[in-house]
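Novice: So that we are looking at the same thing, I have put the structure below in structure tokens.
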4 protein chains.
Amino acid sequence: MPIKAAVMTGPGEVIELWELDDPVLEPGGILLETVASEVCGTDVHIHHGRLAGVPFPIIPGHISVGRVLETAGVEADSMGTPLSPGDVITFYDVHETCHACYFCTVAGQPNRCPERRVYGITYSAHDGPLGGWAERIYLKPGVQTLKLPETLTPDDLIGGGCGLFTGFAAVERSGMAMGDTVLVQGTGPVGLSAIAFSALRGAGTVVAIGDPQARLELATLLGADVTISLSDVPPEGREEKIRELTGGRGVDVALECAGNPTAIPEGFRLLRDAGTYVIAGHYTDVGEATINPHIDINRKHADVRGRWGLDFNHFYRALRLAAKHRERLPFSRVIGGRYSLEEAGKALADVEALAVTKAIIEPSRA
Amino acid sequence: MPIKAAVMTGPGEVIELWELDDPVLEPGGILLETVASEVCGTDVHIHHGRLAGVPFPIIPGHISVGRVLETAGVEADSMGTPLSPGDVITFYDVHETCHACYFCTVAGQPNRCPERRVYGITYSAHDGPLGGWAERIYLKPGVQTLKLPETLTPDDLIGGGCGLFTGFAAVERSGMAMGDTVLVQGTGPVGLSAIAFSALRGAGTVVAIGDPQARLELATLLGADVTISLSDVPPEGREEKIRELTGGRGVDVALECAGNPTAIPEGFRLLRDAGTYVIAGHYTDVGEATINPHIDINRKHADVRGRWGLDFNHFYRALRLAAKHRERLPFSRVIGGRYSLEEAGKALADVEALAVTKAIIEPSRA
Amino acid sequence: MPIKAAVMTGPGEVIELWELDDPVLEPGGILLETVASEVCGTDVHIHHGRLAGVPFPIIPGHISVGRVLETAGVEADSMGTPLSPGDVITFYDVHETCHACYFCTVAGQPNRCPERRVYGITYSAHDGPLGGWAERIYLKPGVQTLKLPETLTPDDLIGGGCGLFTGFAAVERSGMAMGDTVLVQGTGPVGLSAIAFSALRGAGTVVAIGDPQARLELATLLGADVTISLSDVPPEGREEKIRELTGGRGVDVALECAGNPTAIPEGFRLLRDAGTYVIAGHYTDVGEATINPHIDINRKHADVRGRWGLDFNHFYRALRLAAKHRERLPFSRVIGGRYSLEEAGKALADVEALAVTKAIIEPSRA
Amino acid sequence: MPIKAAVMTGPGEVIELWELDDPVLEPGGILLETVASEVCGTDVHIHHGRLAGVPFPIIPGHISVGRVLETAGVEADSMGTPLSPGDVITFYDVHETCHACYFCTVAGQPNRCPERRVYGITYSAHDGPLGGWAERIYLKPGVQTLKLPETLTPDDLIGGGCGLFTGFAAVERSGMAMGDTVLVQGTGPVGLSAIAFSALRGAGTVVAIGDPQARLELATLLGADVTISLSDVPPEGREEKIRELTGGRGVDVALECAGNPTAIPEGFRLLRDAGTYVIAGHYTDVGEATINPHIDINRKHADVRGRWGLDFNHFYRALRLAAKHRERLPFSRVIGGRYSLEEAGKALADVEALAVTKAIIEPSRA
């Protein structure tokens, strides 16, 4: 039976509905029935042609949840939990890093490996159902999988989506100390996750700057102690508020989850001397920022850390905590709209318009 | 007998020769006869009014070497080496950090303490001989001192001057691994020291970009494996050379010791993905730089670390190594000119004009 | 009016009630009316003569809460919060580190400074009311103070006592990653705090091994996911349980808060390869342990980290979190007995007999 | 033509000379003509049956240098340097880590991967010429190779052998700061390398404790500033010397490269408070050690770090530095004997008797 998939054929093109052949499983392969996939901000960027090297046509959807239909000899997930048809799993979208190049070995940074492939982003639709906006997903041998713990529904996970893991990775990258005052710039999926995990990791105060009001309410729900509206409060007001909260010093840790270059100079300004600033939200090139190397970095004695995507390490850990702290990580409530494959184009448009915080694709939806 | 001192009375003012009263030693104080002090690039910046909060008139000279004339009950240097009149010592210019504020305690960053005072920079000439451009220097109680090891001459130390310690601190801040390819931007005193200590710490390849030719030769003498002339080789040529040296990847570690904002975008461009970039040369505000947060930090997964000045820790360690490796750290050869107190203004002008790499003040000089 | 104080005159001696003169405040000094102080396991060790260099007679009580009676010119606590008579504060018991020696400067480890003094431990009762088991406490100039936030009662703090901060410091020292499985060995005050802060910092699973049953219930209350009774479950059973919880690997992080050398080999055995083991509970010499360097450290690729006492940094941060998360850190419920000064000897005996987890001294008690 | 190989058939058995079939190269495989292999202390331990899981019969020899005879489609070494028949290369002995298990991914510690295989140790002689004590070595697809730089002879590398890389990894694991006083316990191949790389990385003072006199001379040659004879100087004398060198404090960093459990308590005793102790020399189980958890770790605030074997990262970096600093890393002078395959048993006996520091096998030797 052919597989229906929503295909992005090129930048600016209307999303098309294609039918793909069912894949022949290689040994170690798994075939999933897609339960849900997400529409990520990166999908919007890809649709604008802002990500280099995307082999259009592609089937978007990098973080997904699926039900095991069939495996070619796979009896356990990557951490050893037994796996059977019918089990609901998720998988790490990054694949095929070479384990041999300078980045994989000497630099210890596999996500800069030139061989790296990502489901929903770097595979062509001609290569098979290798993205989540499809009825079924083929997991090639070696794709790292995790069975969803019983306490975790697909909505809990996919409501956070890719941002859940990116936010987690940003918080870990900061090395924040318990009791730190943490500023999260941005209240999209990455920012909301960074808020939630900062709170969960023992931040003293979590301050969120973002928009619109509905997202600020989600920010509070997920653990922000203070929220500041980007549109209602001008830059000086935001700075005043932060100084008031920190004895005039600025925040100990800032996490850029905004994806907008104007956030950068503000982040530096709001950071205390010797603070840590993680740049995690600039997943694509959206322009330049002007900084003052002396004031912002040198005299400030700042630690500035880029964090791009995530390692399996983060994927595993974040999932573990999402299962443990369902009540404190209610990402299912971030879901703003559910769409069928036919509605994938509308889902993309709604995300771009910020009409919804997280849109999910449910291929079984009529 | 009055103390002759060269005094900077204000930005742009001619250096004057003053006479100061001999200080009355408080318990724990030390009086030094100045052997040599340095003219640092920061002194040039101060003379241009580019450093905030300088209480003119001041006696410049933050790193100095002196002979103990008299102590008020001090019998050993800060590390316990016995001290007697006649001994030649140096001292850590930073003083009076409070050990109590947020920066001293919670943030662990005493050099951002608001109470911090620095010899030759933040004391007024009205407060006494608290800078090195004077016949004698008064060390207030608590100033941290180190007796010069016998194998180390005043020239060895003062030829490196403040840059010796700042370069050392920049290398330590990088956390470079043995075998790394390290780029040092700038071949002034800070850059030359960073080159020397990178080599001494087991860098695989040390590349220096700088000017003029005489400094590039010093760079080679101090341990640079490759030097690139900033004026002779255009940006594309510099990038091509770096890529050729690093399998196309860029350097593992870059150390900004240039003090020029144009160095920043180039540093990011020449840094490999997941590399470390220390911003150490921007000791004063010399303008802005434009970066691309996505390309330079986020996707690059960069670690960017500000390093401003130094802690006593660096002062002690750098001195130890300078004594151990005299032949590999021939900073005395960096000295380009020796000046009397009367010639202090000329020394300042020569440093500003890059006519000499390191100018030193010898108050006993006729 | 004289100050009543409970004095430990020597190892094994009966606690005596003394009367001390009211101190004359030096500039920067503060006089407190003691609200409550604690009986710490260290006090038991001191009473057994197991801590070197204690200048008997002493007034025990290192962590205390008091009401400001009078200050000599102090208008704010160490973090800048205004302070007036009547305010309830606590203070960091460590004092007089020199900020100049090798440990304070080069090693960055002030709590190994030879000049270090500790309230309730290293001051003689002849020096004044410098311990918490007294009606009033004299804070010498420079003692670091923190006003209790309004949301935090003295019981919340003193119920945790010294262990609250030591447990916090142990967790920070581990550098645990979110999602890690953490084993806490011991369910005394240090262990209970380590459990609480591990949970608060995003541990995936917190396992506690301890005794008696009442403490295991406190462990669960404070955040342990799994508790194992030391007396009911033999070593093989404990190991079996840990292996079952960790896919056979052992825990990612182990925190020794037991103060018993037999815990050490077990901790190594239960730690996974490349895990981190913090030794925090051995505050005094209680004997030796046998390890296998190859199996326990070398092949295991273990990180073993000693953590002795705490820095002001931990004191400040832990207090901040205790105020923020009162409901998750219900240390007031750890208090098992309240004692007057006259009953201090009984309090000490009850702690030693494990009859109570935390005994507190309330000098105003009749 | 059959391949001659020296085979260890079991613990205590006489080394036999076998003939093996020439392997059929799989795609990505390489066939080497062995130039030289080493006899490592681990080979002695294996011969005593002290390493678990060795699949006798084996062909020992984990670090080797060979000349490329033939490749199955391999055109470059692991870092991209072109490779042709006739080129002299070395290879990383660790192979087949799975890149998927908890240790490879979550723990970031691939050398504890259960799938890990090591040339010369964990492959049976029945599997082919997978060890260096053979005329030819078959490199399976994926084995990581490095072409020897022109400035580096096989003797330079194999004279250091496995110890060269282990010593390097131990120094990196310590995170020592420039200027630190470093103690190396042991002057065998691992210790000598640790001495050389400590010096190369900017140690302030390198102290070596070892034996016999010839090795202490090698220690000095490789960079030790002070050597202490284990047999001539009793423990108290060793401690006295160390205290004299360090102002009574003990060393900043200790590196255990002795492989003897008696070194452990001494290492703790000689380490300063808040120092770092790397346990790197205990590659096999040679017995237990008694420590005092309070004195040695807790109150001392020690960092104790196990380091077992090495990652490719270390292999690459150490080789780079060996090529750069031939004159400062004269490992060829550590070679004490050259043996043919027929003499392999004698080579093993000589190493065990400490008759030579490094024995090498040259299969082409008559």
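Just so we're on the same page: first chain in the structure tokens is A, next is B, and so on; residues restart at 1 for each chain, and ligands are numbered from 1 in the order they show up.
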What's the 6 Å shell around Gly29 (chain C), counting only C-alpha atoms, without same-chain residues fewer than 3 positions away, as a ChimeraX atom specification?
Specialist: /C:25-26,71-72,139-141
Novice: Write down as a ChimeraX atom specification the residues of region 27-165 of chain C whose backbone DSSP state falls under alpha helix (DSSP H).
Specialist: /C:41-47,154-158,161-165
Novice: Mind checking which residues fall within 7 Å of region 106-119 of chain A, counting only C-alpha atoms, ignoring those fewer than 5 positions away in the same chain, and posting them as a list in words?
Specialist: His62, Asp93, Val94, His95, Glu96, Thr97, Cys98, Cys101, Leu130 and Gly131 of chain A; Asp273 and Ala274 of chain B; Asn313 of chain D
Novice: I want to know what sits within 10 Å of Gly210 (chain B), based on only C-alpha atoms, with residues of the same chain fewer than 6 positions away left out; could you give that as an MDAnalysis selection string?
Specialist: chainID B and resid 184:188 191:192 216 219 227:232 257:258
Novice: Would you mind exporting the chosen residues as a compact mmCIF listing (two decimals), in the first residue's frame, restricted to all heavy atoms?
Specialist:
# COMPACT_ATOMS: atom_id res chain seq x y z
N VAL B 184 47.00 33.27 17.02
CA VAL B 184 47.10 34.47 17.85
C VAL B 184 46.95 35.68 16.93
O VAL B 184 47.73 35.85 16.00
CB VAL B 184 48.43 34.52 18.62
CG1 VAL B 184 48.52 35.82 19.44
CG2 VAL B 184 48.56 33.31 19.53
N GLN B 185 45.93 36.48 17.19
CA GLN B 185 45.71 37.69 16.41
C GLN B 185 46.38 38.85 17.12
O GLN B 185 45.95 39.24 18.20
CB GLN B 185 44.21 37.98 16.30
CG GLN B 185 43.41 36.89 15.61
CD GLN B 185 41.93 37.28 15.55
OE1 GLN B 185 41.24 37.27 16.56
NE2 GLN B 185 41.45 37.62 14.37
N GLY B 186 47.43 39.38 16.53
CA GLY B 186 48.12 40.51 17.14
C GLY B 186 49.50 40.11 17.64
O GLY B 186 49.66 39.05 18.23
N THR B 187 50.46 40.98 17.41
CA THR B 187 51.84 40.68 17.83
C THR B 187 52.42 41.81 18.68
O THR B 187 53.62 42.04 18.69
CB THR B 187 52.74 40.43 16.59
OG1 THR B 187 52.53 41.50 15.66
CG2 THR B 187 52.41 39.11 15.94
N GLY B 188 51.54 42.51 19.39
CA GLY B 188 52.00 43.43 20.43
C GLY B 188 52.38 42.63 21.67
O GLY B 188 52.45 41.39 21.62
N GLY B 191 49.96 39.74 22.46
CA GLY B 191 50.04 38.69 21.45
C GLY B 191 51.33 37.90 21.55
O GLY B 191 51.33 36.67 21.48
N LEU B 192 52.44 38.59 21.73
CA LEU B 192 53.72 37.89 21.83
C LEU B 192 53.74 36.94 23.02
O LEU B 192 54.23 35.81 22.94
CB LEU B 192 54.87 38.90 21.94
CG LEU B 192 55.15 39.69 20.64
CD1 LEU B 192 56.18 40.80 20.91
CD2 LEU B 192 55.62 38.78 19.50
N LEU B 216 56.90 40.38 13.89
CA LEU B 216 56.73 39.01 13.40
C LEU B 216 57.99 38.19 13.67
O LEU B 216 57.91 36.99 13.95
CB LEU B 216 56.38 39.02 11.91
CG LEU B 216 55.03 39.65 11.56
CD1 LEU B 216 54.77 39.58 10.06
CD2 LEU B 216 53.88 38.99 12.31
N ALA B 219 57.80 37.25 17.13
CA ALA B 219 56.81 36.17 17.24
C ALA B 219 57.45 34.82 16.96
O ALA B 219 57.25 33.84 17.70
CB ALA B 219 55.64 36.42 16.27
N THR B 227 54.00 32.77 10.70
CA THR B 227 53.58 34.16 10.89
C THR B 227 53.00 34.68 9.58
O THR B 227 53.45 34.30 8.50
CB THR B 227 54.75 35.07 11.32
OG1 THR B 227 55.73 35.07 10.27
CG2 THR B 227 55.38 34.60 12.62
N ILE B 228 52.01 35.52 9.72
CA ILE B 228 51.35 36.10 8.54
C ILE B 228 51.31 37.60 8.75
O ILE B 228 50.84 38.07 9.79
CB ILE B 228 49.92 35.55 8.37
CG1 ILE B 228 49.92 34.01 8.32
CG2 ILE B 228 49.26 36.13 7.13
CD1 ILE B 228 48.54 33.38 8.24
N SER B 229 51.75 38.33 7.77
CA SER B 229 51.77 39.78 7.88
C SER B 229 50.40 40.35 7.58
O SER B 229 49.81 40.10 6.53
CB SER B 229 52.80 40.36 6.91
OG SER B 229 52.55 41.74 6.75
N LEU B 230 49.92 41.14 8.52
CA LEU B 230 48.59 41.73 8.39
C LEU B 230 48.55 42.71 7.22
O LEU B 230 47.53 42.83 6.52
CB LEU B 230 48.26 42.46 9.69
CG LEU B 230 46.85 42.97 9.92
CD1 LEU B 230 45.86 41.83 9.97
CD2 LEU B 230 46.78 43.77 11.22
N SER B 231 49.63 43.42 7.01
CA SER B 231 49.60 44.45 5.96
C SER B 231 49.92 43.85 4.59
O SER B 231 49.41 44.31 3.57
CB SER B 231 50.59 45.56 6.29
OG SER B 231 51.86 45.01 6.56
N ASP B 232 50.73 42.81 4.55
CA ASP B 232 51.14 42.27 3.25
C ASP B 232 50.14 41.27 2.70
O ASP B 232 50.03 41.09 1.48
CB ASP B 232 52.50 41.57 3.37
CG ASP B 232 53.61 42.57 3.65
OD1 ASP B 232 53.34 43.78 3.66
OD2 ASP B 232 54.76 42.12 3.87
N CYS B 257 44.28 39.12 20.46
CA CYS B 257 45.21 39.97 21.22
C CYS B 257 45.51 41.21 20.40
O CYS B 257 46.62 41.77 20.49
CB CYS B 257 46.49 39.20 21.52
SG CYS B 257 46.24 37.63 22.36
N ALA B 258 44.55 41.63 19.62
CA ALA B 258 44.80 42.71 18.66
C ALA B 258 44.27 44.05 19.15
O ALA B 258 44.81 45.09 18.81
CB ALA B 258 44.15 42.36 17.31
Novice: With a distance cut-off of 8 Å and only C-alpha atoms, select the neighbouring residues of Tyr277 (chain B), excluding the residue or stretch itself and same-chain residues fewer than 6 positions from it, and output the selection as JSON, numbers by chain.
Specialist: {"B": [174, 253, 254, 255, 256, 267, 268, 271, 302, 303, 304, 305]}
Novice: Next, write the just-selected residues to a file, as a PDB file, in the first residue's frame, keeping all heavy atoms as the atom set.
Specialist:
ATOM      1  N   SER B 174      41.697  29.706  27.504  1.00  0.00           N
ATOM      2  CA  SER B 174      41.271  28.939  26.321  1.00  0.00           C
ATOM      3  C   SER B 174      41.078  27.472  26.637  1.00  0.00           C
ATOM      4  O   SER B 174      40.327  26.778  25.961  1.00  0.00           O
ATOM      5  CB  SER B 174      42.289  29.082  25.188  1.00  0.00           C
ATOM      6  OG  SER B 174      43.444  28.290  25.453  1.00  0.00           O
ATOM      7  N   VAL B 253      41.765  26.874  18.235  1.00  0.00           N
ATOM      8  CA  VAL B 253      41.690  27.929  19.244  1.00  0.00           C
ATOM      9  C   VAL B 253      42.171  29.228  18.616  1.00  0.00           C
ATOM     10  O   VAL B 253      43.195  29.234  17.923  1.00  0.00           O
ATOM     11  CB  VAL B 253      42.606  27.587  20.445  1.00  0.00           C
ATOM     12  CG1 VAL B 253      42.741  28.770  21.400  1.00  0.00           C
ATOM     13  CG2 VAL B 253      42.080  26.367  21.191  1.00  0.00           C
ATOM     14  N   ALA B 254      41.441  30.310  18.840  1.00  0.00           N
ATOM     15  CA  ALA B 254      41.910  31.630  18.414  1.00  0.00           C
ATOM     16  C   ALA B 254      41.988  32.524  19.646  1.00  0.00           C
ATOM     17  O   ALA B 254      41.112  32.463  20.515  1.00  0.00           O
ATOM     18  CB  ALA B 254      40.963  32.227  17.374  1.00  0.00           C
ATOM     19  N   LEU B 255      43.045  33.310  19.695  1.00  0.00           N
ATOM     20  CA  LEU B 255      43.238  34.227  20.825  1.00  0.00           C
ATOM     21  C   LEU B 255      43.308  35.638  20.253  1.00  0.00           C
ATOM     22  O   LEU B 255      44.261  35.988  19.555  1.00  0.00           O
ATOM     23  CB  LEU B 255      44.540  33.884  21.555  1.00  0.00           C
ATOM     24  CG  LEU B 255      44.714  32.436  22.016  1.00  0.00           C
ATOM     25  CD1 LEU B 255      46.115  32.217  22.597  1.00  0.00           C
ATOM     26  CD2 LEU B 255      43.656  32.058  23.045  1.00  0.00           C
ATOM     27  N   GLU B 256      42.311  36.438  20.549  1.00  0.00           N
ATOM     28  CA  GLU B 256      42.311  37.818  20.071  1.00  0.00           C
ATOM     29  C   GLU B 256      43.172  38.659  20.992  1.00  0.00           C
ATOM     30  O   GLU B 256      42.836  38.860  22.153  1.00  0.00           O
ATOM     31  CB  GLU B 256      40.861  38.352  20.008  1.00  0.00           C
ATOM     32  CG  GLU B 256      40.738  39.756  19.456  1.00  0.00           C
ATOM     33  CD  GLU B 256      41.004  40.823  20.530  1.00  0.00           C
ATOM     34  OE1 GLU B 256      40.483  40.661  21.650  1.00  0.00           O
ATOM     35  OE2 GLU B 256      41.740  41.781  20.237  1.00  0.00           O
ATOM     36  N   GLY B 267      38.445  36.582  13.272  1.00  0.00           N
ATOM     37  CA  GLY B 267      38.691  35.493  14.220  1.00  0.00           C
ATOM     38  C   GLY B 267      37.604  34.428  14.129  1.00  0.00           C
ATOM     39  O   GLY B 267      37.889  33.233  14.096  1.00  0.00           O
ATOM     40  N   PHE B 268      36.363  34.862  14.071  1.00  0.00           N
ATOM     41  CA  PHE B 268      35.273  33.885  13.943  1.00  0.00           C
ATOM     42  C   PHE B 268      35.403  33.088  12.645  1.00  0.00           C
ATOM     43  O   PHE B 268      35.193  31.886  12.611  1.00  0.00           O
ATOM     44  CB  PHE B 268      33.911  34.588  13.986  1.00  0.00           C
ATOM     45  CG  PHE B 268      33.431  34.883  15.385  1.00  0.00           C
ATOM     46  CD1 PHE B 268      33.285  36.185  15.838  1.00  0.00           C
ATOM     47  CD2 PHE B 268      33.119  33.850  16.249  1.00  0.00           C
ATOM     48  CE1 PHE B 268      32.832  36.457  17.128  1.00  0.00           C
ATOM     49  CE2 PHE B 268      32.659  34.104  17.543  1.00  0.00           C
ATOM     50  CZ  PHE B 268      32.521  35.416  17.985  1.00  0.00           C
ATOM     51  N   LEU B 271      38.092  30.394  12.806  1.00  0.00           N
ATOM     52  CA  LEU B 271      37.923  29.390  13.872  1.00  0.00           C
ATOM     53  C   LEU B 271      37.157  28.192  13.314  1.00  0.00           C
ATOM     54  O   LEU B 271      36.173  28.345  12.609  1.00  0.00           O
ATOM     55  CB  LEU B 271      37.107  30.023  15.009  1.00  0.00           C
ATOM     56  CG  LEU B 271      36.915  29.203  16.277  1.00  0.00           C
ATOM     57  CD1 LEU B 271      38.233  29.066  17.038  1.00  0.00           C
ATOM     58  CD2 LEU B 271      35.859  29.864  17.163  1.00  0.00           C
ATOM     59  N   ALA B 302      30.511  27.534  18.752  1.00  0.00           N
ATOM     60  CA  ALA B 302      31.725  28.158  19.275  1.00  0.00           C
ATOM     61  C   ALA B 302      31.651  28.367  20.784  1.00  0.00           C
ATOM     62  O   ALA B 302      30.568  28.466  21.369  1.00  0.00           O
ATOM     63  CB  ALA B 302      31.948  29.504  18.589  1.00  0.00           C
ATOM     64  N   ASP B 303      32.825  28.408  21.390  1.00  0.00           N
ATOM     65  CA  ASP B 303      33.016  28.841  22.779  1.00  0.00           C
ATOM     66  C   ASP B 303      33.747  30.170  22.702  1.00  0.00           C
ATOM     67  O   ASP B 303      34.899  30.198  22.247  1.00  0.00           O
ATOM     68  CB  ASP B 303      33.933  27.851  23.520  1.00  0.00           C
ATOM     69  CG  ASP B 303      33.192  27.006  24.492  1.00  0.00           C
ATOM     70  OD1 ASP B 303      32.578  27.565  25.416  1.00  0.00           O
ATOM     71  OD2 ASP B 303      33.212  25.779  24.313  1.00  0.00           O
ATOM     72  N   VAL B 304      33.125  31.232  23.150  1.00  0.00           N
ATOM     73  CA  VAL B 304      33.757  32.543  23.096  1.00  0.00           C
ATOM     74  C   VAL B 304      33.946  33.009  24.529  1.00  0.00           C
ATOM     75  O   VAL B 304      32.990  33.008  25.314  1.00  0.00           O
ATOM     76  CB  VAL B 304      32.881  33.549  22.322  1.00  0.00           C
ATOM     77  CG1 VAL B 304      33.639  34.855  22.110  1.00  0.00           C
ATOM     78  CG2 VAL B 304      32.422  32.965  21.001  1.00  0.00           C
ATOM     79  N   ARG B 305      35.153  33.360  24.879  1.00  0.00           N
ATOM     80  CA  ARG B 305      35.454  33.632  26.283  1.00  0.00           C
ATOM     81  C   ARG B 305      36.172  34.966  26.445  1.00  0.00           C
ATOM     82  O   ARG B 305      37.244  35.165  25.895  1.00  0.00           O
ATOM     83  CB  ARG B 305      36.353  32.518  26.843  1.00  0.00           C
ATOM     84  CG  ARG B 305      35.715  31.159  26.696  1.00  0.00           C
ATOM     85  CD  ARG B 305      36.627  30.051  27.198  1.00  0.00           C
ATOM     86  NE  ARG B 305      35.991  28.755  26.922  1.00  0.00           N
ATOM     87  CZ  ARG B 305      36.501  27.593  27.247  1.00  0.00           C
ATOM     88  NH1 ARG B 305      37.667  27.537  27.863  1.00  0.00           N
ATOM     89  NH2 ARG B 305      35.871  26.469  26.977  1.00  0.00           N
TER      90      ARG B 305
END
Novice: Given only C-alpha atoms, how would the per-residue table for chain A near chain C read, listing every residue at most 9 Å away with its closest atom pair and distance in Å to one decimal, sorted by chain and number, as a tab-separated table?
Specialist:
residue	atom	partner	partner_atom	distance
A:Met79	CA	C:Gly247	CA	8.4
A:Gly80	CA	C:Gly247	CA	7.8
A:Phe168	CA	C:Met178	CA	8.8
A:Glu172	CA	C:Ala177	CA	7.3
A:Gly175	CA	C:Gly175	CA	8.5
A:Ala177	CA	C:Glu172	CA	7.3
A:Met178	CA	C:Arg317	CA	6.6
A:Gly179	CA	C:Arg317	CA	4.9
A:Asp180	CA	C:Arg317	CA	7.6
A:Phe197	CA	C:Gly202	CA	8.1
A:Ala199	CA	C:Arg201	CA	8.6
A:Leu200	CA	C:Gly202	CA	5.5
A:Arg201	CA	C:Arg201	CA	3.9
A:Gly202	CA	C:Arg201	CA	4.8
A:Ala203	CA	C:Leu321	CA	8.0
A:Gly204	CA	C:Leu321	CA	6.0
A:Thr205	CA	C:Lys324	CA	8.6
A:Gly247	CA	C:Gly80	CA	7.9
A:His314	CA	C:Met178	CA	8.9
A:Tyr316	CA	C:Gly179	CA	8.3
A:Arg317	CA	C:Gly179	CA	4.9
A:Ala318	CA	C:Gly179	CA	7.0
A:Leu319	CA	C:Gly179	CA	8.6
A:Arg320	CA	C:Gly179	CA	6.2
A:Leu321	CA	C:Gly179	CA	5.9
A:Lys324	CA	C:Gly204	CA	7.2
Novice: Would you mind writing down, as number ranges by chain, each residue of region 32-214 of chain B that DSSP on the backbone assigns to strand (DSSP E or B)?
Specialist: B: 32-39, 58, 64-71, 76, 82, 88-91, 94-95, 117-118, 134, 136-139, 145-147, 181-185, 205-210
Novice: Please list as a PyMOL selection string every residue within 8 Å of region 124-126 of chain A, counting only C-alpha atoms and excluding residues in the same chain fewer than 3 positions away.
Specialist: chain A and resi 7+55-59+129-130
Novice: Go ahead and write the selection's residues with N, CA, C and O atoms as a PDB file, in the first residue's frame.
Specialist:
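What ended up in out.pdb:
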ATOM      1  N   VAL A   7       5.024  16.743   0.889  1.00  0.00           N
ATOM      2  CA  VAL A   7       6.369  16.983   0.365  1.00  0.00           C
ATOM      3  C   VAL A   7       6.589  18.473   0.078  1.00  0.00           C
ATOM      4  O   VAL A   7       5.741  19.132  -0.516  1.00  0.00           O
ATOM      5  N   PRO A  55      18.152  18.956   0.185  1.00  0.00           N
ATOM      6  CA  PRO A  55      17.998  18.270  -1.105  1.00  0.00           C
ATOM      7  C   PRO A  55      16.533  18.148  -1.527  1.00  0.00           C
ATOM      8  O   PRO A  55      15.984  17.046  -1.554  1.00  0.00           O
ATOM      9  N   PHE A  56      15.903  19.275  -1.829  1.00  0.00           N
ATOM     10  CA  PHE A  56      14.493  19.234  -2.255  1.00  0.00           C
ATOM     11  C   PHE A  56      14.318  18.275  -3.419  1.00  0.00           C
ATOM     12  O   PHE A  56      15.223  18.165  -4.250  1.00  0.00           O
ATOM     13  N   PRO A  57      13.172  17.593  -3.493  1.00  0.00           N
ATOM     14  CA  PRO A  57      12.023  17.606  -2.581  1.00  0.00           C
ATOM     15  C   PRO A  57      12.311  16.818  -1.306  1.00  0.00           C
ATOM     16  O   PRO A  57      12.979  15.799  -1.360  1.00  0.00           O
ATOM     17  N   ILE A  58      11.782  17.318  -0.195  1.00  0.00           N
ATOM     18  CA  ILE A  58      11.960  16.588   1.070  1.00  0.00           C
ATOM     19  C   ILE A  58      10.600  16.354   1.744  1.00  0.00           C
ATOM     20  O   ILE A  58       9.636  17.072   1.484  1.00  0.00           O
ATOM     21  N   ILE A  59      10.591  15.349   2.596  1.00  0.00           N
ATOM     22  CA  ILE A  59       9.450  15.144   3.495  1.00  0.00           C
ATOM     23  C   ILE A  59       9.856  15.743   4.836  1.00  0.00           C
ATOM     24  O   ILE A  59      10.708  15.185   5.526  1.00  0.00           O
ATOM     25  N   PRO A 129      10.521   7.246   2.700  1.00  0.00           N
ATOM     26  CA  PRO A 129       9.774   7.985   3.732  1.00  0.00           C
ATOM     27  C   PRO A 129      10.681   8.301   4.925  1.00  0.00           C
ATOM     28  O   PRO A 129      10.595   7.639   5.954  1.00  0.00           O
ATOM     29  N   LEU A 130      11.536   9.299   4.753  1.00  0.00           N
ATOM     30  CA  LEU A 130      12.554   9.629   5.751  1.00  0.00           C
ATOM     31  C   LEU A 130      12.282  10.992   6.377  1.00  0.00           C
ATOM     32  O   LEU A 130      13.174  11.806   6.575  1.00  0.00           O
TER      33      LEU A 130
END
Novice: For Leu20 (chain B), find every residue with an atom within 8 Å (counting only C-alpha atoms), except residues of its own chain fewer than 4 positions away, and show them as a list in words.
Specialist: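 The residues that qualify are Pro2, Ile3, Lys4, Ala5, Gly128 and Pro129 of chain B.
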